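Asks: Supplied in structure tokens, the structure appears directly below.
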Amino acid sequence: MTASSSTARSSKTFLVCHGAWSAGWAWKKMHPLMQAAGHRLVTPSYTGLGERAHLAHQGLDLEAHIQDMLSVISYEDLRDIVLVGHSYGGMVATGVADRVRERIAQMIYIDAFVPRDGQSLFDLNELAIETMRELASDGDGWRIPPMPTPPDTSPADVEWLTARRVDMPIKCFEQKLKLQHGETNLPRSYVYATRTTQADTFGQFARRIKNEAGWRYFEIDASHSPNVTAPETLMALLMEIVS
């Protein structure tokens with residue numbers, strides 16, 4: 001076997017379901033790392049966010065973002081996918097995997113929500129509901145402004161993020177996920193970012209997954225968005241997970 005065919009065989013396609021207020025652009029630091037390792041990183045932006053912010057409207061919900069990702073998979077003809085869900089993207093990724101599980105090789109949740117059938121993000125983050133509803137009502141009733149960036153984010157990155165993060169439609173957090181095929185049996189890994197805030201929103205999933213069959217559990221010494229604050233560390237961990 002030649003080196004090129006060996007690389008082709010081990011080359012993987014990572015498809016990222018990004019977090020709230022964010023978009024594909026936030027994975028900028030990961031592209032050269034993935035390319036250097038011989039992998040393909042696909043980072044689409046959901047409708048209403050990032051370069052598609054001009055398409056934001058009151059009716060946007062979780063289902064719309066699931067459909068965004070399903071369309072990318074279909075039009076790009078992606079197969080054998082390593083499906084990555086970060087933060088809110090865990091809601092999206094769970095829905096995507098439910099619809100096209102034959103296209104997914106494995107799932108990696110990075111400090112992400114892991115919903116069960118019939119759960120919304122608000123169901124999984126009840127402490128934040130009141131604040132987020134108030135923030136939305138202070139505006140036009142449906143846009144939630146971005147949450148603060150983690151304190152260990154560099155000033156340059158804070159500037160980069162602040163210029164690009166946009167409001168999130170509240171229905172994305174309110175809509176309950178409807179699974180068509182029940183709990184998945186795809187190989188799944190959970191990456192818990194250990195530099196938590198006081199709320200520790202994702203600790204509940206770390207605890208749950210350690211005691212649930214079908215999961216591999218990992219930790220990363222980083223705050224909530226390691227794709228921004230610790231890209232090399234995240235890259236090394238992703239390579240360990242998929243090797």
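We label chains A, B, ... in the order they appear in the structure tokens, count residues from 1 in each chain, and number ligands from 1 in the order shown.
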Can you tell me which residues surround Thr184 (chain A) at a distance of at most 9 Å, considering only C-alpha atoms, apart from same-chain residues fewer than 4 positions away, and format the answer as a list of chain:residue names?

Replies: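 That gives A:Thr94, A:Ala97, A:Asp98, A:Arg101.
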
Asks: May I have the selected residues written with N, CA, C and O atoms, as a CSV table (one decimal), in the first residue's frame?

Replies:
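Contents of selection00.csv, as written:
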chain,number,residue,atom,x,y,z
A,94,THR,N,-27.6,15.6,17.4
A,94,THR,CA,-28.5,14.5,17.8
A,94,THR,C,-29.6,14.3,16.8
A,94,THR,O,-30.0,13.2,16.5
A,97,ALA,N,-28.1,12.9,13.4
A,97,ALA,CA,-27.7,11.5,13.4
A,97,ALA,C,-29.0,10.6,13.4
A,97,ALA,O,-28.9,9.5,12.9
A,98,ASP,N,-30.1,11.1,14.0
A,98,ASP,CA,-31.3,10.4,14.0
A,98,ASP,C,-31.9,10.2,12.6
A,98,ASP,O,-32.4,9.2,12.3
A,101,ARG,N,-28.4,8.2,10.1
A,101,ARG,CA,-27.4,7.5,10.8
A,101,ARG,C,-26.6,6.6,9.9
A,101,ARG,O,-25.4,6.3,10.3

Asks: Calculated over only C-alpha atoms, which of the candidates A:Met30, A:Leu124, A:Leu70, A:Ala206 has the smallest distance to Tyr46 (chain A)?

Replies: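 Selected residue with least distance to Tyr46 (chain A): A:Leu70.
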
Asks: Just the number, please: distance in Å from CA of Pro148 (chain A) to CA of His224 (chain A), one decimal.

Replies: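 Between CA of Pro148 (chain A) and CA of His224 (chain A) the gap works out to 11.1 Å.
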
Asks: What separation in Å, quoted to one decimal, exists between CA of Ser243 (chain A) and CA of Leu83 (chain A)?

Replies: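 Going from CA of Ser243 (chain A) over to CA of Leu83 (chain A), I get 14.8 Å.
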
Asks: Rounded to one decimal in Å, what is the spacing between CA of Ala23 (chain A) and CA of Ile144 (chain A)?

Replies: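 Between CA of Ala23 (chain A) and CA of Ile144 (chain A) the gap works out to 15.3 Å.
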